[in-house]
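Contents: one structure, followed by commentary.
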Amino acid sequence: MDKLVVLDFGGQYTHLIASRVRNMGAACEIMPGDADPEKMENVKGIILSGGPSSVLSSRAVLPNKGIFEMNVPVLGICYGHQVVAHMLGGTVRKGNVSEYGPTKVSFFKKKGIFSKVRNIEPVWMSHFDQVVTIPPDFEIIGKTDDCPIAAMANPARNIFTVQFHPEVTHTVCGSRILENFVDLTGVKREWDVQNMVDGLVEDIKKKAGDKNVFLLVSGGVDSTVAFLLLSKALGQDRVYGLFVDTGFMRKGEGEQVRQSMVELGFENLHVKDASEEFFKALDGVFKPEEKRKIIGDLFLKIKDDVALELKLNDDEWLIGQGTIYPDTIETGGTANAKKIKTHHNRVPKIQKLIEAGKVIEPLVEFYKDEVRLVGEKLGLGHHLLNRHPFPGPGLAVRCLAAEKSRYPEGHKVIEKNINISLADYGLSANILPIKSVGVQGDERTYRNPLLLSNSNLSWDEYGTLATKLINNFHSINRVLLRVAPDSFESVNIKETPMTRERVGLLQEADSIVMDFIKEVNIYDEIWQFATVLLPVSLDSDGKESIVLRPVASTDAMTANFYQMDINHLHELQMRLMSLSGIGAVFYDLTNKPPGTIEWE
Ligand code: XMP
């Protein structure tokens with residue numbers, strides 16, 4: 001079959017590029033960044049992905065020069081754009097301002113794959129370096145305020161490159177640019193979802209052989225679709241499910257999961273309440289990565305205990321997981337990629353089991369939107385198909401703990417330091433004395449959030465300001481809006497671990513949020529809604545703060561903060577403030593990048 005190749009330089013979106021191309025009906029394979037052109041068969045075009053390195057570094061991975069002699073169209077994206085400049089005679093330098101998230105490109109030429117873009121297009125960026133001179137025979141196609149060469153081309157040789165990411169849904173003209181590129185390559189469009197399901201079922205049969213599968217289920221769409229595929233390939237009696245109640249589930253979640261599995265006719269389901277063990281293991285643990293590893297390891301220990309109890313012999317049973325692609329890439333699980341966070345199903349112990357061939361993960365190459373397409377094809381109903389994603393570590397990564405000693409300086413009032421005048425917006429700001437995880441230029445960051453006072457800006461204005469602040473002010477990776485209270489005296493950190501009581505409070509808050517968004521019919525508009533508990537109080541009464549983190553996304557790799565109707569937000573805030581342990585409500589204005597969806 002004809003195909004396109006994506007050369008992987010470790011970018012967060014490499015698989016996303018391949019997924020977009022497949023959605024356009026063309027086969028697409030991912031190969032290592034320095035793959036040998038001689039090994040590329042039936043290749044009609046090459047895409048160079050983004051990546052966390054700098055072409056200026058001695059350790060940079062560069063493609064084989066031969067790819068430029070293959071006489072097929074080439075598209076360079078982000079790092080790939082810089083690679084083309086660097087290898088074909090242009091220059092790359094570190095930019096003065098890094099760009100993360102939305103910006104606007106002015107296109108002044110409409111050549112080749114850039115035909116039919118508008119003069120000004122919203123695009124998504126995530127980079128530190130930039131191209132400063134173009135190679136001979138190239139022309140500049142577009143620029144942004146902070147990046148003078150945002151797109152360039154050598155139309156005679158069919159080489160096109162962009163600093164922004166056309167593969168993410170937030171780059172509105174991105175699918176047109178990719179579609180034009182696919183067209184230009186002349187690749188045959190022979191690929192569809194049924195193909196994908198048939199291929200997955202065949203792969204499972206091959207991989208499982210005569211073994212059965214002990215599947216870790218969560219009730220979420222990934223493990224449910226994995227269950228349907230495994231049952232289709234092996235028959236239901238060869239699949240046994242385990243649901244581990246960690247104590248970090250949503251309120252009433254355990255019962256709901258059991259019900260939905262019964263609804264699907266899945267009777268071989270074992271439910272294990274392991275909350276005691278999870279709370280004990282996490283007692284006094286503050287660092288997000290440490291939390292994630294402990295949770296992932298404990299999942300496996302509980303699985304072993306239950307397998308022993310049920311007498312499931314290790315030689316006859318494979319472990320099944322509903323792992324999807326972002327779990328791998330964000331854990332730094334491909335060559336050249338940086339670790340953003342360790343997903344619970346990607347801890348080192350499971351990696352060893354994978355290497356030993358003891359794990360089966362039918363969806364490991366796919367994104368959430370593709371998993372939903374497969375689920376739909378397999379007949380999964382709307383309410384299961386469209387459930388918001390919920391992370392394996394659950395509320396444990398949404399209940400922040402704090403050690404005061406780690407923040408001896410307390411909070412800093414920052415108006416003086418900041419080079420963007422917040423006074424122009426009628427705002428003041430504080431840096432909060434806790435940190436959260438972000439992803440910037442394909443790398444992990446762990447930085448403080450900035451808390452803005454409420455002013456009557458529109459959501460778009462808040463969003464633009466948040467992006468600008470994070471791009472310019474390097475000690476923060478998130479911006480929050482203070483929704484309540486109206487005024488406060490000081491920002492205080494509350495030194496506290498993650499206790500059962502605090503998780504209980506978060507469960508109540510989360511349940512208020514979930515009920516509310518269903519009540520006002522916005523559940524389906526929001527891709528995922530994390531409610532986060534911060535050990536930060538704006539008063540001396542020790543009451544804690546809630547962060548609302550609803551996002552719009554397609555595949556979890558990029559996300560916009562969701563713009564909630566102001567009357568809805570006001571009502572929701574009042575309901576949350578009525579909880580006796582809650583003294584403040586903040587709204588997360590951060591896109592991804594620079595902030596991840598989860599806080600830890
Ligand atoms: P981030 O926070 O990295 O999350 O933007 C991307 C998506 O992945 C989910 N997530 C996880 N899912 N195990 C999971 O099954 C994990 O350890 C994990 N960590 C994050 C997150 O909820 C979002 O949908």
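Chains: A, B, ... in order of the structure tokens. Residues: from 1 per chain. Ligands: from 1, in order shown.
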- Message: Let's see if you can do this: from backbone DSSP, list all strand (DSSP E) residues in region 494-540 of chain A, as a list in words.
- Response: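 Those in region 494-540 of chain A that DSSP calls strand (DSSP E) are Gln528, Phe529, Ala530, Thr531, Val532, Leu533, Leu534, Val536 and Ser537 of chain A.
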Let's have the selection written as a PDB file, in the first residue's frame, with N, CA and C atoms.
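Final output, out_17.pdb:
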```
ATOM      1  N   GLN A 528     -13.154  17.499  28.991  1.00  0.00           N
ATOM      2  CA  GLN A 528     -12.782  16.932  30.286  1.00  0.00           C
ATOM      3  C   GLN A 528     -12.836  18.059  31.305  1.00  0.00           C
ATOM      4  N   PHE A 529     -13.266  17.725  32.523  1.00  0.00           N
ATOM      5  CA  PHE A 529     -13.384  18.748  33.555  1.00  0.00           C
ATOM      6  C   PHE A 529     -12.706  18.240  34.819  1.00  0.00           C
ATOM      7  N   ALA A 530     -11.525  18.780  35.100  1.00  0.00           N
ATOM      8  CA  ALA A 530     -10.838  18.414  36.340  1.00  0.00           C
ATOM      9  C   ALA A 530     -11.188  19.439  37.409  1.00  0.00           C
ATOM     10  N   THR A 531     -11.539  18.955  38.588  1.00  0.00           N
ATOM     11  CA  THR A 531     -11.720  19.833  39.737  1.00  0.00           C
ATOM     12  C   THR A 531     -10.547  19.534  40.664  1.00  0.00           C
ATOM     13  N   VAL A 532      -9.828  20.588  41.047  1.00  0.00           N
ATOM     14  CA  VAL A 532      -8.553  20.398  41.752  1.00  0.00           C
ATOM     15  C   VAL A 532      -8.632  21.069  43.123  1.00  0.00           C
ATOM     16  N   LEU A 533      -8.069  20.409  44.144  1.00  0.00           N
ATOM     17  CA  LEU A 533      -8.057  21.007  45.490  1.00  0.00           C
ATOM     18  C   LEU A 533      -6.648  21.486  45.812  1.00  0.00           C
ATOM     19  N   LEU A 534      -6.524  22.781  46.109  1.00  0.00           N
ATOM     20  CA  LEU A 534      -5.210  23.355  46.438  1.00  0.00           C
ATOM     21  C   LEU A 534      -5.114  23.645  47.932  1.00  0.00           C
ATOM     22  N   VAL A 536      -4.223  25.939  49.597  1.00  0.00           N
ATOM     23  CA  VAL A 536      -3.944  27.379  49.626  1.00  0.00           C
ATOM     24  C   VAL A 536      -5.170  28.041  50.206  1.00  0.00           C
ATOM     25  N   SER A 537      -4.950  28.915  51.187  1.00  0.00           N
ATOM     26  CA  SER A 537      -6.132  29.601  51.687  1.00  0.00           C
ATOM     27  C   SER A 537      -5.916  31.105  51.656  1.00  0.00           C
TER      28      SER A 537
END
```
- Mind listing the residues within 6 Å of ligand 1, only C-alpha atoms and all ligand atoms counted, as a ChimeraX atom specification? /A:343-344,389-393,556,596-598
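The residue set within 6 Å of Trp317 (chain A), counting only C-alpha atoms and dropping same-chain residues fewer than 3 places from it, reads A:Lys211, A:Asn212, A:Val213, A:Asp314.
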- Task: Please provide as number ranges by chain all residues within 9 Å of Arg189 (chain A), with the sequence filter that same-chain residues fewer than 6 positions apart are discarded (counting only C-alpha atoms).
- Result: A: 2-3, 22, 24-27
May I have the selected residues written with C-alpha atoms, as a PDB file, in the first residue's frame?
```
ATOM      1  CA  ASP A   2       1.196   3.541  -0.761  1.00  0.00           C
ATOM      2  CA  LYS A   3       2.005   5.528   2.356  1.00  0.00           C
ATOM      3  CA  ARG A  22      -4.915   8.346   8.351  1.00  0.00           C
ATOM      4  CA  MET A  24      -7.666  11.637   5.476  1.00  0.00           C
ATOM      5  CA  GLY A  25      -7.660   8.048   4.196  1.00  0.00           C
ATOM      6  CA  ALA A  26      -3.938   7.618   3.549  1.00  0.00           C
ATOM      7  CA  ALA A  27      -1.740   5.016   5.236  1.00  0.00           C
TER       8      ALA A  27
END
```
Would you give me, as a tab-separated table, each residue of region 470-572 of chain A having an atom within 10 Å of an atom of region 79-97 of chain A, along with its shortest atom pair and that distance in Å to one decimal, using only C-alpha atoms and sorting by chain and residue number?
```
residue	atom	partner	partner_atom	distance
A:Asn471	CA	A:Val97	CA	6.9
A:Asn472	CA	A:Val97	CA	6.8
A:Phe473	CA	A:Val97	CA	10.0
```
- Query: Closest to Pro535 (chain A) among A:Ala584, A:Leu451, A:Val182, A:Ile476, using only C-alpha atoms?
  - Reply: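 Between A:Ala584, A:Leu451, A:Val182, A:Ile476, the residue approaching Pro535 (chain A) most closely is A:Ala584.
The residue that comes closest to Gly320 (chain A), out of A:Ser231, A:Thr246, A:Ser455, A:Thr554 and on the basis of only C-alpha atoms, is A:Ser231.
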- Task: Would you return as a VMD selection string the members of region 266-358 of chain A that DSSP assigns to helix (DSSP H, G or I) on this structure's backbone?
- Result: chain A and resid 275 to 282 288 to 309 325 to 330 344 to 346 348 to 355
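Shortest atom-to-atom contact with Ile113 (chain A) among A:Asn492, A:Ser126, A:Asn71, A:Asn158: A:Asn158, counting only C-alpha atoms.
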- Message: Would you pick out the contacts of region 384-388 of chain A at 10 Å or less, using only C-alpha atoms, so that residues sharing its chain but fewer than 2 positions from it are not included, and give the list as a list in words?
- Response: Gly219, Gly220, Val221, Asp222, Thr224, Val225, Ser260, Asp369, Val371, Arg372, Leu373, Val374, Gly375, Glu376, Gly379, Leu380, Gly381, His382, Phe390, Pro391, Tyr523, Asp524, Ile526, Trp527, Gln528, Phe529 and Ala530 of chain A
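Nearest-residue note for Glu443 (chain A): choosing from A:Pro593, A:Gly10, A:Pro52, A:Gly296, the minimum distance belongs to A:Pro52, counting only C-alpha atoms.
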- Smallest atom-to-atom distance to His15 (chain A): which of A:Glu370, A:Glu361, A:Glu263, A:Glu290, using only C-alpha atoms?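 Closest residue, counting only C-alpha atoms: A:Glu370.
Put simply, CA of Val172 (chain A) is 26.6 Å away from CA of Thr133 (chain A).
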- A straight line from CA of Phe243 (chain A) to CA of Ile522 (chain A) spans 28.8 Å
- Message: Set the distance at 9 Å and use only C-alpha atoms: which residues neighbour Val5 (chain A) once local chain neighbours fewer than 6 positions away are removed? I'd like the list as a list in words.
- Response: Ala18, Ala27, Cys28, Glu29, Ile30, Met31, Met40, Val43, Lys44, Gly45, Ile46, Ile47 and Leu48 of chain A
- Arg292 (chain A): which residues within 10 Å, counting only C-alpha atoms, same-chain residues fewer than 5 positions away excluded, as a PyMOL selection string? chain A and resi 282+287+297-298+341-347+392-393+396-397+600
